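Structure file run-v9.txt with compact mmCIF, C-alpha atoms (C1' of nucleotides):
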```txt
# COMPACT_ATOMS: atom_id res chain seq x y z
CA MET A 4 52.13 -53.10 91.91
CA ILE A 5 52.52 -56.67 90.80
CA ASP A 6 55.84 -58.20 89.93
CA PHE A 7 54.85 -59.69 86.58
CA LYS A 8 56.47 -62.94 85.55
CA LEU A 9 56.07 -65.03 82.42
CA ASP A 10 56.78 -68.72 82.10
CA PRO A 11 57.17 -69.87 78.47
CA LYS A 12 57.40 -73.53 79.53
CA THR A 13 53.78 -73.80 80.71
CA GLY A 14 52.34 -73.43 77.22
CA THR A 15 49.92 -70.83 78.52
CA PRO A 16 49.95 -67.84 76.16
CA PHE A 17 51.76 -64.74 77.44
CA TYR A 18 48.75 -62.47 77.12
CA ARG A 19 46.75 -64.94 79.18
CA GLN A 20 49.39 -65.14 81.88
CA ILE A 21 49.27 -61.36 82.12
CA ILE A 22 45.48 -61.42 82.37
CA ASP A 23 45.63 -64.06 85.10
CA GLN A 24 48.18 -62.15 87.12
CA ILE A 25 46.21 -58.92 86.97
CA ARG A 26 42.96 -60.63 87.92
CA PHE A 27 44.63 -62.48 90.72
CA GLY A 28 46.43 -59.33 91.83
CA ILE A 29 43.09 -57.58 92.19
CA ALA A 30 41.61 -60.55 94.02
CA ALA A 31 44.53 -60.65 96.42
CA GLY A 32 44.27 -56.93 97.09
CA LYS A 33 47.61 -56.14 95.54
CA LEU A 34 45.93 -54.03 92.91
CA LYS A 35 43.27 -51.56 93.99
CA ALA A 36 40.55 -49.70 92.14
CA GLY A 37 41.88 -46.64 90.36
CA GLU A 38 45.47 -47.79 90.46
CA GLN A 39 47.47 -47.35 87.28
CA LEU A 40 49.04 -50.33 85.56
CA PRO A 41 52.38 -50.23 83.75
CA THR A 42 52.13 -48.76 80.26
CA VAL A 43 51.95 -51.26 77.46
CA ARG A 44 55.42 -50.22 76.35
CA SER A 45 57.10 -50.40 79.73
CA LEU A 46 55.59 -53.77 80.59
CA ALA A 47 56.57 -55.09 77.17
CA VAL A 48 60.18 -54.02 77.74
CA ASP A 49 60.07 -55.38 81.27
CA LEU A 50 58.80 -58.80 80.18
CA GLN A 51 60.83 -58.72 76.98
CA ILE A 52 57.81 -59.30 74.80
CA ASN A 53 56.00 -57.36 72.12
CA LEU A 54 53.88 -54.35 73.01
CA ASN A 55 50.97 -55.80 71.07
CA THR A 56 50.89 -58.79 73.41
CA VAL A 57 50.51 -56.55 76.45
CA ALA A 58 47.92 -54.48 74.62
CA LYS A 59 45.96 -57.64 73.87
CA ALA A 60 45.84 -58.57 77.54
CA TYR A 61 44.74 -55.07 78.56
CA ARG A 62 42.16 -54.94 75.79
CA GLU A 63 40.54 -58.19 76.89
CA LEU A 64 40.38 -57.06 80.50
CA GLU A 65 38.83 -53.80 79.40
CA ILE A 66 36.08 -55.70 77.61
CA GLN A 67 35.49 -57.60 80.85
CA ARG A 68 35.25 -54.25 82.67
CA VAL A 69 38.21 -55.15 84.87
CA LEU A 70 40.32 -52.33 83.47
CA GLU A 71 39.64 -48.86 82.12
CA THR A 72 41.92 -47.28 79.58
CA GLN A 73 42.38 -43.65 78.60
CA GLN A 74 44.41 -43.04 75.54
CA GLY A 75 47.22 -40.69 76.36
CA SER A 76 47.14 -41.19 80.11
CA GLY A 77 47.20 -44.93 80.78
CA THR A 78 45.39 -48.05 81.95
CA PHE A 79 43.72 -48.29 85.34
CA ILE A 80 41.97 -50.78 87.58
CA SER A 81 38.23 -50.35 87.19
CA GLU A 82 35.91 -49.34 90.03
CA VAL A 83 33.09 -51.53 88.77
CA LYS A 84 32.12 -54.70 90.57
CA ILE A 85 29.81 -57.43 89.30
CA SER A 86 26.64 -58.12 91.29
CA LEU A 87 24.51 -61.27 91.17
CA SER A 88 21.41 -62.50 93.02
CA ASP A 89 21.90 -64.96 95.89
CA LYS A 90 20.51 -67.80 93.83
CA GLU A 91 22.72 -66.95 90.90
CA LYS A 92 25.67 -66.70 93.25
CA GLY A 93 25.00 -70.13 94.71
CA ASN A 94 24.72 -71.71 91.32
CA LYS A 95 27.78 -69.96 90.06
CA LEU A 96 29.82 -70.93 93.11
CA ASN A 97 28.78 -74.51 92.67
CA GLU A 98 29.52 -74.46 88.98
CA ILE A 99 33.03 -73.06 89.20
CA CYS A 100 33.90 -75.25 92.18
CA ASN A 101 32.83 -78.39 90.34
CA GLU A 102 34.78 -77.41 87.30
CA PHE A 103 37.83 -76.65 89.41
CA THR A 104 37.75 -79.88 91.40
CA SER A 105 37.25 -82.11 88.38
CA ILE A 106 40.31 -80.60 86.74
CA ALA A 107 42.33 -80.81 89.94
CA PHE A 108 41.32 -84.45 90.44
CA SER A 109 42.38 -85.31 86.92
CA TYR A 110 45.82 -84.12 87.97
CA GLY A 111 45.69 -86.40 90.99
CA PHE A 112 45.18 -83.80 93.66
CA SER A 113 42.88 -84.54 96.57
CA MET A 114 40.25 -82.26 98.01
CA ASP A 115 42.52 -81.75 101.01
CA ASP A 116 45.38 -80.69 98.73
CA LEU A 117 43.10 -78.02 97.31
CA ILE A 118 41.75 -76.82 100.61
CA ASP A 119 45.25 -76.65 102.08
CA GLN A 120 46.52 -74.64 99.16
CA LEU A 121 43.63 -72.19 99.41
CA GLN A 122 44.12 -71.87 103.17
CA LYS A 123 47.76 -71.02 102.58
CA SER A 124 47.06 -68.29 100.06
CA LYS A 125 44.61 -66.72 102.50
CA LYS A 126 47.48 -65.51 104.66
CA MET B 29 42.51 -95.33 84.63
CA ILE B 30 42.39 -91.59 84.71
CA ASP B 31 39.28 -89.60 84.09
CA PHE B 32 40.70 -87.23 81.51
CA LYS B 33 39.34 -83.70 81.40
CA LEU B 34 40.13 -80.82 79.12
CA ASP B 35 39.53 -77.19 79.87
CA PRO B 36 39.53 -75.03 76.73
CA LYS B 37 39.27 -71.81 78.76
CA THR B 38 42.75 -72.05 80.26
CA GLY B 39 44.54 -71.50 76.97
CA THR B 40 46.76 -74.49 77.71
CA PRO B 41 46.93 -76.62 74.54
CA PHE B 42 44.93 -79.85 74.67
CA TYR B 43 47.89 -82.11 73.93
CA ARG B 44 49.73 -80.48 76.81
CA GLN B 45 46.83 -80.99 79.22
CA ILE B 46 46.78 -84.66 78.25
CA ILE B 47 50.53 -84.94 78.82
CA ASP B 48 50.20 -83.28 82.22
CA GLN B 49 47.40 -85.54 83.33
CA ILE B 50 49.22 -88.71 82.35
CA ARG B 51 52.41 -87.66 84.04
CA PHE B 52 50.58 -86.62 87.17
CA GLY B 53 48.49 -89.76 87.04
CA ILE B 54 51.63 -91.87 87.08
CA ALA B 55 53.14 -89.81 89.85
CA ALA B 56 49.97 -90.16 91.90
CA GLY B 57 49.92 -93.94 91.40
CA LYS B 58 46.70 -93.91 89.42
CA LEU B 59 48.53 -95.22 86.40
CA LYS B 60 50.90 -98.12 86.88
CA ALA B 61 53.75 -99.54 84.83
CA GLY B 62 52.52 -101.77 82.02
CA GLU B 63 48.99 -100.46 82.13
CA GLN B 64 47.36 -99.72 78.82
CA LEU B 65 46.14 -96.26 78.01
CA PRO B 66 43.04 -95.53 75.98
CA THR B 67 43.62 -95.85 72.25
CA VAL B 68 44.20 -92.62 70.42
CA ARG B 69 40.85 -93.03 68.73
CA SER B 70 38.82 -93.78 71.84
CA LEU B 71 40.36 -90.96 73.86
CA ALA B 72 39.81 -88.59 70.95
CA VAL B 73 36.13 -89.54 70.85
CA ASP B 74 35.91 -89.34 74.62
CA LEU B 75 37.42 -85.85 74.79
CA GLN B 76 35.75 -84.80 71.56
CA ILE B 77 38.99 -83.78 69.95
CA ASN B 78 40.98 -84.91 66.95
CA LEU B 79 42.88 -88.19 67.02
CA ASN B 80 46.03 -86.37 65.90
CA THR B 81 45.97 -84.29 69.06
CA VAL B 82 45.95 -87.37 71.27
CA ALA B 83 48.65 -88.94 69.12
CA LYS B 84 50.78 -85.84 69.56
CA ALA B 85 50.55 -86.12 73.34
CA TYR B 86 51.39 -89.84 73.28
CA ARG B 87 54.28 -89.28 70.87
CA GLU B 88 55.86 -86.67 73.09
CA LEU B 89 55.55 -88.90 76.14
CA GLU B 90 57.11 -91.75 74.22
CA ILE B 91 60.11 -89.58 73.40
CA GLN B 92 60.35 -88.86 77.11
CA ARG B 93 60.27 -92.61 77.80
CA VAL B 94 57.13 -92.22 79.85
CA LEU B 95 55.08 -94.33 77.46
CA GLU B 96 55.80 -97.23 75.17
CA THR B 97 53.78 -97.78 72.05
CA GLN B 98 53.27 -100.87 69.97
CA GLN B 99 51.58 -100.38 66.68
CA GLY B 100 48.62 -102.70 66.48
CA SER B 101 48.28 -103.33 70.19
CA GLY B 102 48.32 -100.02 71.99
CA THR B 103 50.08 -97.54 74.22
CA PHE B 104 51.35 -98.51 77.65
CA ILE B 105 52.88 -96.95 80.71
CA SER B 106 56.61 -97.49 80.65
CA GLU B 107 58.45 -99.33 83.40
CA VAL B 108 60.70 -96.36 83.84
CA LYS B 109 59.62 -94.43 86.86
CA ILE B 110 59.00 -90.76 86.59
CA SER B 111 58.70 -88.97 89.84
CA LEU B 112 57.57 -85.42 89.79
CA SER B 113 59.47 -83.11 92.06
CA ASP B 114 57.56 -81.53 94.88
CA LYS B 115 58.32 -78.26 93.17
CA GLU B 116 56.63 -79.38 89.97
CA LYS B 117 53.60 -80.59 91.87
CA GLY B 118 53.47 -77.39 93.87
CA ASN B 119 53.67 -75.28 90.75
CA LYS B 120 50.81 -77.11 89.11
CA LEU B 121 48.66 -76.97 92.21
CA ASN B 122 49.42 -73.29 92.51
CA GLU B 123 48.66 -72.68 88.87
CA ILE B 124 45.24 -74.29 88.86
CA CYS B 125 44.33 -72.80 92.24
CA ASN B 126 45.28 -69.30 91.13
CA GLU B 127 43.24 -69.65 88.01
CA PHE B 128 40.30 -70.86 90.02
CA THR B 129 40.47 -68.19 92.69
CA SER B 130 40.94 -65.33 90.27
CA ILE B 131 37.80 -66.39 88.45
CA ALA B 132 35.94 -66.90 91.72
CA PHE B 133 37.01 -63.51 93.06
CA SER B 134 35.94 -61.74 89.92
CA TYR B 135 32.45 -63.05 90.71
CA GLY B 136 32.75 -61.58 94.20
CA PHE B 137 33.36 -64.77 96.17
CA SER B 138 35.74 -64.73 99.10
CA MET B 139 38.38 -67.31 99.85
CA ASP B 140 36.16 -68.52 102.71
CA ASP B 141 33.23 -68.98 100.33
CA LEU B 142 35.39 -71.26 98.25
CA ILE B 143 36.80 -73.23 101.15
CA ASP B 144 33.34 -73.68 102.65
CA GLN B 145 31.96 -74.95 99.37
CA LEU B 146 34.81 -77.42 98.95
CA GLN B 147 34.44 -78.60 102.55
CA LYS B 148 30.76 -79.27 101.93
CA SER B 149 31.39 -81.36 98.84
CA LYS B 150 33.90 -83.46 100.77
CA LYS B 151 31.10 -85.09 102.75
C1' DA C 14 43.69 -116.22 55.43
C1' DT C 15 40.86 -112.34 56.43
C1' DA C 16 39.20 -108.63 58.93
C1' DT C 17 39.72 -105.55 62.70
C1' DT C 18 42.25 -102.71 65.72
C1' DT C 19 46.21 -100.13 66.72
C1' DG C 20 49.69 -96.46 66.16
C1' DT C 21 51.73 -93.71 62.49
C1' DA C 22 52.29 -90.63 58.61
C1' DC C 23 51.00 -87.28 55.41
C1' DT C 24 48.51 -83.36 53.21
C1' DA C 25 45.58 -79.55 53.60
C1' DT C 26 43.15 -75.98 56.07
C1' DA C 27 41.91 -72.80 59.75
C1' DT C 28 42.68 -70.33 63.83
C1' DA C 29 45.61 -68.63 67.67
C1' DT C 30 49.69 -66.60 69.29
C1' DA C 31 53.65 -63.62 69.02
C1' DT C 32 56.68 -60.53 66.76
C1' DA C 33 58.23 -56.42 63.88
C1' DT C 34 57.19 -52.14 62.12
C1' DG C 35 54.96 -47.97 61.26
C1' DA C 36 51.42 -44.75 61.90
C1' DC C 37 47.68 -42.23 64.33
C1' DA C 38 44.63 -39.96 68.18
C1' DA C 39 44.14 -38.49 72.79
C1' DT C 40 46.25 -36.83 76.78
C1' DA C 41 49.93 -34.84 79.50
C1' DT C 42 54.13 -32.19 79.86
C1' DT C 43 57.18 -28.49 78.75
C1' DA D 5 52.29 -24.11 70.75
C1' DA D 6 55.38 -27.84 70.59
C1' DT D 7 56.87 -32.20 72.35
C1' DA D 8 56.48 -36.48 74.60
C1' DT D 9 53.74 -40.17 76.31
C1' DT D 10 49.87 -43.16 76.04
C1' DG D 11 46.75 -46.49 73.98
C1' DT D 12 45.20 -47.96 69.41
C1' DC D 13 45.29 -49.72 64.83
C1' DA D 14 46.94 -51.95 60.65
C1' DT D 15 49.96 -54.78 57.88
C1' DA D 16 53.05 -58.43 57.36
C1' DT D 17 55.41 -62.60 58.88
C1' DA D 18 56.35 -66.79 61.46
C1' DT D 19 55.23 -70.46 64.43
C1' DA D 20 52.02 -73.30 67.21
C1' DT D 21 47.79 -75.61 67.73
C1' DA D 22 43.82 -78.20 66.18
C1' DT D 23 41.01 -80.27 62.83
C1' DA D 24 39.66 -83.24 58.66
C1' DG D 25 40.63 -86.75 55.80
C1' DT D 26 43.24 -90.48 53.82
C1' DA D 27 46.35 -94.11 53.81
C1' DC D 28 49.65 -97.42 55.60
C1' DA D 29 52.17 -100.94 58.79
C1' DA D 30 52.05 -103.87 62.68
C1' DA D 31 49.63 -106.56 65.90
C1' DT D 32 45.48 -108.99 67.17
C1' DA D 33 41.12 -111.40 66.60
C1' DT D 34 38.08 -114.25 63.91
```

Can you turn what I pasted into structure tokens?
Amino acid sequence: MIDFKLDPKTGTPFYRQIIDQIRFGIAAGKLKAGEQLPTVRSLAVDLQINLNTVAKAYRELEIQRVLETQQGSGTFISEVKISLSDKEKGNKLNEICNEFTSIAFSYGFSMDDLIDQLQKSKK
Amino acid sequence: MIDFKLDPKTGTPFYRQIIDQIRFGIAAGKLKAGEQLPTVRSLAVDLQINLNTVAKAYRELEIQRVLETQQGSGTFISEVKISLSDKEKGNKLNEICNEFTSIAFSYGFSMDDLIDQLQKSKK
DNA sequence: ATATTTGTACTATATATATATGACAATATT
DNA sequence: AATATTGTCATATATATATAGTACAAATAT
């Protein structure tokens, strides 16, 4: 299970920080298919925020097929994975990398900064 | 001069993204003391946002003594040096990398896919 | 002097975000 | 069967964010 943390100073909405952490948790292998997430109420208490804010994050991830919810039992990591053709994959990879680097550059980071950071988080 | 970029998908308010990029630009040496920034109107047109949003970013940075404004002539980088802590830089780098990787992973790309793609675009 | 450019200020409007509160439906527990 | 837990939904309220439009004051350019 993830150790959720919210940072009010960033200006990034709480529900979006929760979404990011779940998506990243899955990507990093910390959350696996079928695993149950904290209930909306328990996570709300834990993060000291409103239950509706947690519910909003879960709801959005359910629409994206990242989570599956069953009323009465809980919210779980979905089994579904997205599949694309090789060409689509290449285009998509290029697209998101370009977007990423242009943002990173506007913050003054170099390509090597980025690569180093990604290398680190591999371990 | 910085190449400003806004990303609406992150949920981070525009005025805050502008603030970040100016502060980081100064820290990275891309913006130097005394240098003039784009006018609120030109940057607003450039980023396709409202002039008030740019003004809000500039105003906040003026309060922080990062910028100095002279009505009629423009907005300039203050002589006062702001140095970002390594921690602040690290946090930002981490933030944008996490956002990037979580999106990339949700499309099924591996960390190596990303690193390879970035390596390629270095050349 | 006049006109232009610049930042600033204000009002109004719309949408997004977060909270508080209460209720309900589906599932699980006892 | 009764109770508790879970996600969901709805209403109301407050604040933050962004836009549109207008006007003004200070500096600059003509």

For the interface of chain B with chain D (cut-off 10 Å, counting only C-alpha atoms (C1' of nucleotides)), please tabulate each contacting residue of chain B alongside its nearest pair of atoms and their separation in Å to one decimal, rows sorted by chain and increasing number, as a Markdown table.
```
| residue | atom | partner | partner_atom | distance |
| --- | --- | --- | --- | --- |
| B:Pro41 | CA | D:DT21 | C1' | 6.9 |
| B:Phe42 | CA | D:DT21 | C1' | 8.6 |
| B:Tyr43 | CA | D:DT21 | C1' | 9.0 |
| B:Ile77 | CA | D:DT23 | C1' | 8.2 |
| B:Asn78 | CA | D:DT23 | C1' | 6.2 |
| B:Leu79 | CA | D:DT23 | C1' | 9.2 |
| B:Asn80 | CA | D:DA22 | C1' | 8.5 |
| B:Thr81 | CA | D:DA22 | C1' | 7.1 |
| B:Gln98 | CA | D:DA31 | C1' | 7.9 |
| B:Gln99 | CA | D:DA30 | C1' | 5.3 |
| B:Gly100 | CA | D:DA31 | C1' | 4.0 |
| B:Ser101 | CA | D:DA31 | C1' | 5.5 |
| B:Gly102 | CA | D:DA31 | C1' | 9.0 |
```

### Message
Within 10 Å of (44.0, -100.3, 78.9) (file coordinates; only C-alpha atoms (C1' of nucleotides)), which protein or nucleic acid residues are there? I'd like them as JSON, numbers by chain.
### Response
{"B": [29, 62, 63, 64, 65, 66, 67, 102, 103, 104, 105]}

Go ahead and align chain B to chain A (same sequence, so just pair every C-alpha in order, least squares) and export the moved chain as an mmCIF file with C-alpha atoms, in the coordinates of the input.
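That gives us selection.cif:
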```cif
data_model
loop_
_atom_site.group_PDB
_atom_site.id
_atom_site.type_symbol
_atom_site.label_atom_id
_atom_site.label_comp_id
_atom_site.auth_asym_id
_atom_site.auth_seq_id
_atom_site.Cartn_x
_atom_site.Cartn_y
_atom_site.Cartn_z
ATOM 1 C CA MET B 29 48.829 -53.771 92.563
ATOM 2 C CA ILE B 30 48.138 -57.278 91.451
ATOM 3 C CA ASP B 31 50.772 -59.924 91.175
ATOM 4 C CA PHE B 32 49.972 -61.073 87.664
ATOM 5 C CA LYS B 33 50.517 -64.722 86.820
ATOM 6 C CA LEU B 34 50.068 -66.605 83.600
ATOM 7 C CA ASP B 35 49.582 -70.313 83.268
ATOM 8 C CA PRO B 36 50.319 -71.573 79.747
ATOM 9 C CA LYS B 37 49.129 -75.098 80.595
ATOM 10 C CA THR B 38 45.470 -74.158 80.978
ATOM 11 C CA GLY B 39 44.976 -73.348 77.313
ATOM 12 C CA THR B 40 43.307 -70.081 78.288
ATOM 13 C CA PRO B 41 44.783 -67.324 76.089
ATOM 14 C CA PHE B 42 47.205 -64.988 77.858
ATOM 15 C CA TYR B 43 45.273 -61.821 77.046
ATOM 16 C CA ARG B 44 42.193 -63.432 78.547
ATOM 17 C CA GLN B 45 44.012 -64.414 81.742
ATOM 18 C CA ILE B 46 45.176 -60.817 82.084
ATOM 19 C CA ILE B 47 41.631 -59.540 81.566
ATOM 20 C CA ASP B 48 40.310 -61.967 84.172
ATOM 21 C CA GLN B 49 42.887 -61.000 86.742
ATOM 22 C CA ILE B 50 42.262 -57.288 86.353
ATOM 23 C CA ARG B 51 38.529 -57.672 86.572
ATOM 24 C CA PHE B 52 38.792 -59.923 89.587
ATOM 25 C CA GLY B 53 41.374 -57.637 91.119
ATOM 26 C CA ILE B 54 38.956 -54.736 90.905
ATOM 27 C CA ALA B 55 36.127 -56.819 92.265
ATOM 28 C CA ALA B 56 38.292 -57.948 95.166
ATOM 29 C CA GLY B 57 39.302 -54.359 95.965
ATOM 30 C CA LYS B 58 42.950 -54.913 95.143
ATOM 31 C CA LEU B 59 42.701 -52.438 92.315
ATOM 32 C CA LYS B 60 40.975 -49.147 92.983
ATOM 33 C CA ALA B 61 39.463 -46.483 90.755
ATOM 34 C CA GLY B 62 42.089 -44.148 89.331
ATOM 35 C CA GLU B 63 44.968 -46.466 90.057
ATOM 36 C CA GLN B 64 47.533 -46.877 87.335
ATOM 37 C CA LEU B 65 48.229 -50.255 85.845
ATOM 38 C CA PRO B 66 51.643 -51.406 84.713
ATOM 39 C CA THR B 67 52.587 -50.063 81.299
ATOM 40 C CA VAL B 68 52.087 -52.438 78.431
ATOM 41 C CA ARG B 69 55.834 -52.694 78.050
ATOM 42 C CA SER B 70 56.653 -53.350 81.691
ATOM 43 C CA LEU B 71 53.922 -55.951 82.122
ATOM 44 C CA ALA B 72 55.026 -57.627 78.904
ATOM 45 C CA VAL B 73 58.584 -57.857 80.224
ATOM 46 C CA ASP B 74 57.324 -58.989 83.605
ATOM 47 C CA LEU B 75 55.179 -61.785 82.168
ATOM 48 C CA GLN B 76 57.686 -62.513 79.428
ATOM 49 C CA ILE B 77 55.154 -62.084 76.683
ATOM 50 C CA ASN B 78 54.717 -59.731 73.766
ATOM 51 C CA LEU B 79 53.648 -56.137 74.331
ATOM 52 C CA ASN B 80 50.849 -56.588 71.791
ATOM 53 C CA THR B 81 49.287 -59.263 73.964
ATOM 54 C CA VAL B 82 49.107 -56.943 76.957
ATOM 55 C CA ALA B 83 47.799 -54.164 74.734
ATOM 56 C CA LYS B 84 45.072 -56.473 73.480
ATOM 57 C CA ALA B 85 43.916 -57.167 77.030
ATOM 58 C CA TYR B 86 43.944 -53.463 77.939
ATOM 59 C CA ARG B 87 42.124 -52.530 74.731
ATOM 60 C CA GLU B 88 39.325 -54.971 75.398
ATOM 61 C CA LEU B 89 38.917 -53.720 78.953
ATOM 62 C CA GLU B 90 38.815 -50.164 77.695
ATOM 63 C CA ILE B 91 35.967 -51.054 75.355
ATOM 64 C CA GLN B 92 34.207 -52.510 78.375
ATOM 65 C CA ARG B 93 34.791 -49.236 80.241
ATOM 66 C CA VAL B 94 36.777 -51.038 82.891
ATOM 67 C CA LEU B 95 39.961 -49.162 82.049
ATOM 68 C CA GLU B 96 40.768 -45.731 80.726
ATOM 69 C CA THR B 97 43.879 -45.116 78.712
ATOM 70 C CA GLN B 98 45.757 -41.936 78.007
ATOM 71 C CA GLN B 99 48.420 -42.140 75.402
ATOM 72 C CA GLY B 100 51.647 -40.861 76.864
ATOM 73 C CA SER B 101 50.689 -41.250 80.498
ATOM 74 C CA GLY B 102 49.295 -44.712 81.021
ATOM 75 C CA THR B 103 46.357 -46.980 81.685
ATOM 76 C CA PHE B 104 44.119 -46.495 84.698
ATOM 77 C CA ILE B 105 41.266 -48.179 86.476
ATOM 78 C CA SER B 106 38.029 -46.521 85.483
ATOM 79 C CA GLU B 107 35.711 -44.900 87.999
ATOM 80 C CA VAL B 108 32.902 -47.053 86.753
ATOM 81 C CA LYS B 109 32.346 -49.870 89.154
ATOM 82 C CA ILE B 110 32.253 -53.383 87.900
ATOM 83 C CA SER B 111 30.934 -55.885 90.320
ATOM 84 C CA LEU B 112 31.244 -59.496 89.455
ATOM 85 C CA SER B 113 28.199 -61.574 90.169
ATOM 86 C CA ASP B 114 28.540 -64.276 92.754
ATOM 87 C CA LYS B 115 27.824 -66.660 89.926
ATOM 88 C CA GLU B 116 30.784 -65.399 87.927
ATOM 89 C CA LYS B 117 33.056 -65.656 90.932
ATOM 90 C CA GLY B 118 31.764 -69.115 91.720
ATOM 91 C CA ASN B 119 32.323 -70.273 88.174
ATOM 92 C CA LYS B 120 35.900 -69.080 88.155
ATOM 93 C CA LEU B 121 36.648 -70.592 91.532
ATOM 94 C CA ASN B 122 35.092 -73.824 90.374
ATOM 95 C CA GLU B 123 37.022 -73.771 87.138
ATOM 96 C CA ILE B 124 40.447 -73.333 88.676
ATOM 97 C CA CYS B 125 39.692 -75.776 91.493
ATOM 98 C CA ASN B 126 38.531 -78.455 89.072
ATOM 99 C CA GLU B 127 41.620 -78.030 86.998
ATOM 100 C CA PHE B 128 43.769 -78.285 90.075
ATOM 101 C CA THR B 129 42.063 -81.320 91.547
ATOM 102 C CA SER B 130 41.960 -83.249 88.303
ATOM 103 C CA ILE B 131 45.699 -82.811 87.956
ATOM 104 C CA ALA B 132 46.255 -83.674 91.611
ATOM 105 C CA PHE B 133 44.088 -86.786 91.387
ATOM 106 C CA SER B 134 45.872 -88.015 88.313
ATOM 107 C CA TYR B 135 48.997 -88.062 90.492
ATOM 108 C CA GLY B 136 47.112 -90.141 93.053
ATOM 109 C CA PHE B 137 46.476 -87.470 95.678
ATOM 110 C CA SER B 138 43.215 -87.460 97.581
ATOM 111 C CA MET B 139 41.078 -84.444 98.306
ATOM 112 C CA ASP B 140 42.258 -84.676 101.929
ATOM 113 C CA ASP B 141 45.894 -84.596 100.821
ATOM 114 C CA LEU B 142 45.193 -81.344 99.053
ATOM 115 C CA ILE B 143 43.234 -79.770 101.875
ATOM 116 C CA ASP B 144 45.889 -80.767 104.401
ATOM 117 C CA GLN B 145 48.630 -79.253 102.287
ATOM 118 C CA LEU B 146 46.720 -76.001 101.864
ATOM 119 C CA GLN B 147 45.944 -75.866 105.588
ATOM 120 C CA LYS B 148 49.640 -76.233 106.351
ATOM 121 C CA SER B 149 50.662 -73.390 104.073
ATOM 122 C CA LYS B 150 48.100 -71.132 105.739
ATOM 123 C CA LYS B 151 50.220 -70.950 108.883
#
```

### Message
Give me, as a ChimeraX atom specification, the residues of chain C touching chain B, with the criterion being at most 7 Å (counting all atoms listed in the file).
### Response
/C:18-20

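Between CA of Asn126 in chain B and CA of Ala30 in chain A the interatomic distance comes to 9.9 Å.
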
### Task
Compute the set of chain B residues within 9 Å of chain A, using only C-alpha atoms, and express it as a PyMOL selection string.
chain B and resi 30-35+38-41+44+48-58+120-122+124-143+145-147+149-150

### Query
Suppose you want the space between C1' of DA31 in chain C and CA of Glu88 in chain B; what is it in Å?
23.5 Å

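You will find CA of Val48 in chain A at 23.6 Å from CA of Lys35 in chain A.
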
How big is the axis-aligned box, and where does its centre sit, when it encloses all atoms of range 109-118 of chain A listed in the file and has 8 Å added on every side, reported in Å to one decimal as JSON?
```
{"center_x": 43.0, "center_y": -81.6, "center_z": 94.0, "size_x": 21.6, "size_y": 25.6, "size_z": 30.1}
```
